[in-house]
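Okay, my_file10.cif is below, mmCIF, N, CA and C atoms:
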data_coords
#
loop_
_atom_site.label_atom_id
_atom_site.label_comp_id
_atom_site.auth_asym_id
_atom_site.auth_seq_id
_atom_site.Cartn_x
_atom_site.Cartn_y
_atom_site.Cartn_z
N MET Q 1 0.55 52.92 26.42
CA MET Q 1 0.68 51.52 26.17
C MET Q 1 -0.32 51.17 25.06
N TRP Q 2 0.14 50.40 24.10
CA TRP Q 2 -0.73 49.96 23.01
C TRP Q 2 -1.26 48.56 23.32
N MET Q 3 -2.53 48.34 23.00
CA MET Q 3 -3.16 47.05 23.22
C MET Q 3 -3.78 46.58 21.92
N TYR Q 4 -3.71 45.27 21.68
CA TYR Q 4 -4.36 44.68 20.52
C TYR Q 4 -5.71 44.13 20.95
N VAL Q 5 -6.76 44.47 20.21
CA VAL Q 5 -8.12 44.01 20.51
C VAL Q 5 -8.50 43.00 19.44
N PRO Q 6 -8.48 41.69 19.76
CA PRO Q 6 -8.74 40.66 18.76
C PRO Q 6 -10.12 40.76 18.10
N ASP Q 7 -11.15 41.13 18.86
CA ASP Q 7 -12.50 41.22 18.29
C ASP Q 7 -12.57 42.28 17.18
N GLU Q 8 -11.81 43.36 17.34
CA GLU Q 8 -11.82 44.45 16.36
C GLU Q 8 -10.71 44.29 15.32
N LYS Q 9 -9.77 43.39 15.59
CA LYS Q 9 -8.58 43.23 14.76
C LYS Q 9 -7.90 44.58 14.57
N ALA Q 10 -7.72 45.28 15.70
CA ALA Q 10 -7.16 46.63 15.68
C ALA Q 10 -6.38 46.89 16.96
N PHE Q 11 -5.57 47.95 16.92
CA PHE Q 11 -4.80 48.38 18.08
C PHE Q 11 -5.47 49.61 18.68
N ARG Q 12 -5.37 49.74 19.99
CA ARG Q 12 -5.86 50.93 20.70
C ARG Q 12 -4.77 51.41 21.65
N HIS Q 13 -4.64 52.73 21.75
CA HIS Q 13 -3.68 53.30 22.70
C HIS Q 13 -4.38 53.46 24.04
N ALA Q 14 -3.81 52.91 25.09
CA ALA Q 14 -4.42 52.94 26.42
C ALA Q 14 -3.65 53.89 27.33
N LYS Q 15 -4.40 54.66 28.12
CA LYS Q 15 -3.80 55.57 29.10
C LYS Q 15 -4.53 55.41 30.43
N MET Q 16 -3.79 55.56 31.51
CA MET Q 16 -4.40 55.55 32.83
C MET Q 16 -4.54 57.00 33.28
N LYS Q 17 -5.76 57.45 33.47
CA LYS Q 17 -6.03 58.83 33.88
C LYS Q 17 -6.52 58.84 35.33
N GLY Q 18 -6.51 60.01 35.93
CA GLY Q 18 -6.97 60.16 37.30
C GLY Q 18 -8.46 59.87 37.43
N HIS Q 19 -8.87 59.54 38.64
CA HIS Q 19 -10.27 59.21 38.92
C HIS Q 19 -10.72 60.02 40.12
N GLN Q 20 -11.91 60.61 40.01
CA GLN Q 20 -12.46 61.37 41.14
C GLN Q 20 -13.50 60.55 41.86
N THR Q 21 -13.48 60.63 43.18
CA THR Q 21 -14.49 59.97 44.00
C THR Q 21 -15.26 61.05 44.77
N TYR Q 22 -16.51 60.76 45.08
CA TYR Q 22 -17.35 61.71 45.81
C TYR Q 22 -17.28 61.42 47.30
N VAL Q 23 -17.01 62.43 48.09
CA VAL Q 23 -16.99 62.32 49.55
C VAL Q 23 -18.37 62.72 50.05
N GLU Q 24 -19.09 61.74 50.60
CA GLU Q 24 -20.46 62.00 51.08
C GLU Q 24 -20.44 63.08 52.17
N SER Q 25 -21.46 63.90 52.16
CA SER Q 25 -21.56 64.93 53.20
C SER Q 25 -22.10 64.30 54.49
N SER Q 26 -21.67 64.83 55.60
CA SER Q 26 -22.14 64.37 56.91
C SER Q 26 -22.18 65.55 57.86
N SER Q 27 -23.00 65.45 58.87
CA SER Q 27 -23.07 66.51 59.88
C SER Q 27 -23.22 65.88 61.26
N TRP Q 28 -22.74 66.60 62.26
CA TRP Q 28 -22.81 66.14 63.64
C TRP Q 28 -22.75 67.35 64.54
N PHE Q 29 -23.00 67.11 65.82
CA PHE Q 29 -22.98 68.19 66.81
C PHE Q 29 -21.75 68.03 67.68
N GLY Q 30 -21.03 69.14 67.87
CA GLY Q 30 -19.84 69.13 68.71
C GLY Q 30 -20.21 69.16 70.18
N GLU Q 31 -19.17 69.15 71.02
CA GLU Q 31 -19.40 69.13 72.47
C GLU Q 31 -20.10 70.39 72.96
N GLY Q 32 -19.90 71.50 72.29
CA GLY Q 32 -20.56 72.75 72.68
C GLY Q 32 -21.94 72.92 72.08
N GLY Q 33 -22.42 71.95 71.32
CA GLY Q 33 -23.76 72.01 70.74
C GLY Q 33 -23.77 72.61 69.34
N GLU Q 34 -22.61 73.04 68.84
CA GLU Q 34 -22.58 73.62 67.50
C GLU Q 34 -22.64 72.52 66.44
N GLU Q 35 -23.29 72.81 65.34
CA GLU Q 35 -23.40 71.82 64.27
C GLU Q 35 -22.15 71.87 63.40
N MET Q 36 -21.56 70.71 63.14
CA MET Q 36 -20.36 70.58 62.32
C MET Q 36 -20.73 69.80 61.06
N SER Q 37 -20.03 70.06 59.99
CA SER Q 37 -20.30 69.31 58.77
C SER Q 37 -19.01 69.13 57.98
N ALA Q 38 -19.01 68.13 57.12
CA ALA Q 38 -17.85 67.84 56.27
C ALA Q 38 -18.34 67.08 55.05
N GLY Q 39 -17.51 67.05 54.04
CA GLY Q 39 -17.81 66.28 52.83
C GLY Q 39 -18.63 67.07 51.84
N GLY Q 40 -19.25 66.33 50.90
CA GLY Q 40 -20.07 66.96 49.88
C GLY Q 40 -19.24 67.50 48.72
N PHE Q 41 -18.12 66.84 48.40
CA PHE Q 41 -17.27 67.31 47.30
C PHE Q 41 -16.57 66.13 46.64
N ASN Q 42 -15.99 66.37 45.47
CA ASN Q 42 -15.21 65.37 44.76
C ASN Q 42 -13.73 65.54 45.09
N LYS Q 43 -13.00 64.45 45.14
CA LYS Q 43 -11.55 64.52 45.34
C LYS Q 43 -10.88 63.51 44.42
N TRP Q 44 -9.63 63.77 44.09
CA TRP Q 44 -8.87 62.87 43.24
C TRP Q 44 -8.44 61.66 44.07
N SER Q 45 -8.70 60.48 43.55
CA SER Q 45 -8.36 59.25 44.25
C SER Q 45 -6.86 58.97 44.16
N LYS Q 46 -6.29 58.53 45.25
CA LYS Q 46 -4.88 58.11 45.25
C LYS Q 46 -4.76 56.65 44.87
N ARG Q 47 -5.85 55.91 44.90
CA ARG Q 47 -5.83 54.48 44.64
C ARG Q 47 -6.31 54.11 43.24
N TYR Q 48 -7.39 54.71 42.78
CA TYR Q 48 -8.03 54.28 41.54
C TYR Q 48 -7.62 55.14 40.35
N ARG Q 49 -7.58 54.52 39.17
CA ARG Q 49 -7.31 55.18 37.90
C ARG Q 49 -8.35 54.70 36.90
N GLU Q 50 -8.57 55.50 35.85
CA GLU Q 50 -9.51 55.12 34.80
C GLU Q 50 -8.74 54.78 33.54
N LEU Q 51 -9.03 53.63 32.97
CA LEU Q 51 -8.42 53.22 31.71
C LEU Q 51 -9.21 53.86 30.58
N THR Q 52 -8.53 54.63 29.75
CA THR Q 52 -9.17 55.23 28.59
C THR Q 52 -8.48 54.70 27.34
N LEU Q 53 -9.28 54.38 26.33
CA LEU Q 53 -8.77 53.81 25.09
C LEU Q 53 -9.02 54.77 23.93
N SER Q 54 -8.04 54.85 23.02
CA SER Q 54 -8.19 55.67 21.82
C SER Q 54 -9.09 54.94 20.83
N LYS Q 55 -9.33 55.60 19.71
CA LYS Q 55 -10.10 54.94 18.65
C LYS Q 55 -9.28 53.77 18.12
N PRO Q 56 -9.93 52.79 17.51
CA PRO Q 56 -9.17 51.64 16.99
C PRO Q 56 -8.37 52.02 15.74
N TYR Q 57 -7.14 51.51 15.67
CA TYR Q 57 -6.27 51.71 14.52
C TYR Q 57 -5.94 50.36 13.91
N LYS Q 58 -6.15 50.23 12.61
CA LYS Q 58 -5.73 49.03 11.89
C LYS Q 58 -4.21 49.10 11.74
N ILE Q 59 -3.58 47.96 11.54
CA ILE Q 59 -2.12 47.90 11.48
C ILE Q 59 -1.55 48.78 10.38
N HIS Q 60 -2.25 48.91 9.25
CA HIS Q 60 -1.74 49.73 8.15
C HIS Q 60 -1.85 51.23 8.44
N GLU Q 61 -2.54 51.62 9.51
CA GLU Q 61 -2.67 53.02 9.89
C GLU Q 61 -1.59 53.47 10.88
N LEU Q 62 -0.69 52.55 11.26
CA LEU Q 62 0.34 52.86 12.25
C LEU Q 62 1.73 52.77 11.63
N LEU Q 63 2.59 53.71 12.01
CA LEU Q 63 4.01 53.62 11.67
C LEU Q 63 4.68 52.92 12.84
N ILE Q 64 5.42 51.87 12.56
CA ILE Q 64 6.05 51.08 13.61
C ILE Q 64 7.56 51.23 13.49
N SER Q 65 8.20 51.61 14.60
CA SER Q 65 9.67 51.69 14.61
C SER Q 65 10.19 50.82 15.74
N ILE Q 66 11.34 50.18 15.50
CA ILE Q 66 11.97 49.29 16.48
C ILE Q 66 13.28 49.92 16.92
N LYS Q 67 13.46 50.02 18.23
CA LYS Q 67 14.69 50.57 18.80
C LYS Q 67 15.26 49.57 19.80
N GLN Q 68 16.56 49.63 19.99
CA GLN Q 68 17.23 48.77 20.97
C GLN Q 68 17.31 49.51 22.31
N ARG Q 69 16.98 48.81 23.38
CA ARG Q 69 17.07 49.37 24.73
C ARG Q 69 18.21 48.66 25.45
N THR Q 70 19.03 49.42 26.16
CA THR Q 70 20.13 48.82 26.93
C THR Q 70 19.60 48.34 28.28
N ALA Q 71 20.33 47.42 28.88
CA ALA Q 71 19.96 46.93 30.22
C ALA Q 71 20.18 48.05 31.23
N ARG Q 72 19.32 48.11 32.24
CA ARG Q 72 19.49 49.12 33.29
C ARG Q 72 18.81 48.68 34.58
N SER Q 73 19.24 49.27 35.66
CA SER Q 73 18.67 49.01 36.99
C SER Q 73 18.37 50.34 37.65
N MET Q 74 17.21 50.38 38.34
CA MET Q 74 16.84 51.60 39.03
C MET Q 74 15.90 51.25 40.18
N ALA Q 75 16.21 51.71 41.35
CA ALA Q 75 15.36 51.55 42.54
C ALA Q 75 14.94 50.09 42.76
N GLY Q 76 15.85 49.17 42.59
CA GLY Q 76 15.56 47.78 42.86
C GLY Q 76 14.92 47.03 41.70
N TYR Q 77 14.67 47.69 40.58
CA TYR Q 77 14.10 47.04 39.40
C TYR Q 77 15.20 46.84 38.36
N ASN Q 78 15.17 45.71 37.69
CA ASN Q 78 16.14 45.41 36.64
C ASN Q 78 15.40 45.21 35.32
N TRP Q 79 15.82 45.96 34.29
CA TRP Q 79 15.27 45.82 32.95
C TRP Q 79 16.35 45.26 32.05
N PRO Q 80 16.10 44.14 31.38
CA PRO Q 80 17.10 43.57 30.48
C PRO Q 80 17.16 44.36 29.17
N ALA Q 81 18.24 44.18 28.44
CA ALA Q 81 18.34 44.77 27.10
C ALA Q 81 17.27 44.12 26.23
N ALA Q 82 16.67 44.91 25.34
CA ALA Q 82 15.58 44.37 24.52
C ALA Q 82 15.32 45.25 23.31
N SER Q 83 14.53 44.74 22.40
CA SER Q 83 14.02 45.53 21.29
C SER Q 83 12.67 46.10 21.71
N VAL Q 84 12.46 47.39 21.45
CA VAL Q 84 11.23 48.05 21.85
C VAL Q 84 10.55 48.61 20.60
N ALA Q 85 9.28 48.29 20.43
CA ALA Q 85 8.52 48.80 19.29
C ALA Q 85 7.69 50.00 19.74
N SER Q 86 7.64 51.02 18.90
CA SER Q 86 6.77 52.16 19.16
C SER Q 86 5.83 52.34 17.98
N PHE Q 87 4.60 52.69 18.28
CA PHE Q 87 3.56 52.86 17.27
C PHE Q 87 3.17 54.33 17.21
N VAL Q 88 3.07 54.86 15.98
CA VAL Q 88 2.66 56.25 15.79
C VAL Q 88 1.57 56.26 14.72
N PRO Q 89 0.38 56.79 15.08
CA PRO Q 89 -0.69 56.86 14.08
C PRO Q 89 -0.29 57.78 12.92
N GLN Q 90 -0.65 57.39 11.70
CA GLN Q 90 -0.34 58.21 10.51
C GLN Q 90 -1.31 59.36 10.38
#
Once you've parsed the file, please lay out its structure as structure tokens.
Amino acid sequence: MWMYVPDEKAFRHAKMKGHQTYVESSSWFGEGGEEMSAGGFNKWSKRYRELTLSKPYKIHELLISIKQRTARSMAGYNWPAASVASFVPQ
């Protein structure tokens, strides 16, 4: 997805990447008196994502093409017919 940043007067390409969270380590004693432990590692989050932005591109640095999209429906979502712009850095 491309975003326009007014302060920079430039476009940036945005991507949502995976995010890792740290699972705190913990320990406890079981019913037989043995020590149990868990955690102490990173795991990929199912909920959170990280927004990463490309370097800023001025409008003259991008090739812009316009394509027509047909109307379609899928899994309960409806998309109307529209013109779609795509940006490609030169």
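Reported to one decimal place, the separation of atom C of Lys67 of chain Q from atom N of Pro80 of chain Q is 12.8 Å.
Of the listed residues Q:Leu51, Q:Ser27, Q:His19, Q:Ala85, the one whose atoms come nearest to Gln68 of chain Q is Q:Ala85, with distances taken using only C-alpha atoms.
Atom pair atom CA of Ile66 of chain Q / atom CA of Ser86 of chain Q: separated by 6.5 Å.
These residues, each with an atom at most 12 Å from (-6.3, 50.2, 15.8) using only C-alpha atoms, are Trp2, Met3, Tyr4, Val5, Pro6, Asp7, Glu8, Lys9, Ala10, Phe11, Arg12, His13, Ala14, Leu53, Ser54, Lys55, Pro56, Tyr57, Lys58, Ile59, His60, Glu61, Leu62, Leu63, Phe87, Val88, Pro89 and Gln90 of chain Q.
In this model, the gap between atom C of Thr21 of chain Q and atom CA of Phe41 of chain Q comes to 7.0 Å.
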Can you tell me which residues surround Ala81 of chain Q at a distance of at most 8 Å, considering only N, CA and C atoms, apart from same-chain residues fewer than 3 positions away, and format the answer as a short mmCIF file (atom, residue, chain, number, x, y, z; two decimals) with N, CA and C atoms, in the coordinates of the input?
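Writing the result to selection.cif gives the following:
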data_model
loop_
_atom_site.label_atom_id
_atom_site.label_comp_id
_atom_site.auth_asym_id
_atom_site.auth_seq_id
_atom_site.Cartn_x
_atom_site.Cartn_y
_atom_site.Cartn_z
N GLN Q 68 16.56 49.63 19.99
CA GLN Q 68 17.23 48.77 20.97
C GLN Q 68 17.31 49.51 22.31
N ARG Q 69 16.98 48.81 23.38
CA ARG Q 69 17.07 49.37 24.73
C ARG Q 69 18.21 48.66 25.45
N THR Q 70 19.03 49.42 26.16
CA THR Q 70 20.13 48.82 26.93
C THR Q 70 19.60 48.34 28.28
N ALA Q 71 20.33 47.42 28.88
CA ALA Q 71 19.96 46.93 30.22
C ALA Q 71 20.18 48.05 31.23
N ARG Q 72 19.32 48.11 32.24
CA ARG Q 72 19.49 49.12 33.29
C ARG Q 72 18.81 48.68 34.58
N ASN Q 78 15.17 45.71 37.69
CA ASN Q 78 16.14 45.41 36.64
C ASN Q 78 15.40 45.21 35.32
N VAL Q 84 12.46 47.39 21.45
CA VAL Q 84 11.23 48.05 21.85
C VAL Q 84 10.55 48.61 20.60
#
_Every residue of chain Q that DSSP places in strand (DSSP E), as a PyMOL selection string_ = chain Q and resi 2-5+10-23+26-29+35-38+41-53+62-69+72-74+77-79+82-89
_Could you list, as a PyMOL selection string, every residue within 7 Å of Gly39 of chain Q, counting all atoms listed in the file and ignoring same-chain residues fewer than 3 positions away?_
chain Q and resi 23-26+42
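Restricting the calculation to only N, CA and C atoms, the smallest distance between Tyr48 of chain Q and any of Q:Ile64, Q:Trp79, Q:Met16, Q:Trp28 is found for Q:Met16.
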Could the centre and edge lengths of an axis-aligned box, enclosing all atoms of segment 72-88 of chain Q in the file with 4 Å extra on each side, be given in Å to one decimal as JSON?
{"center_x": 10.5, "center_y": 49.9, "center_z": 28.8, "size_x": 25.9, "size_y": 20.7, "size_z": 36.1}
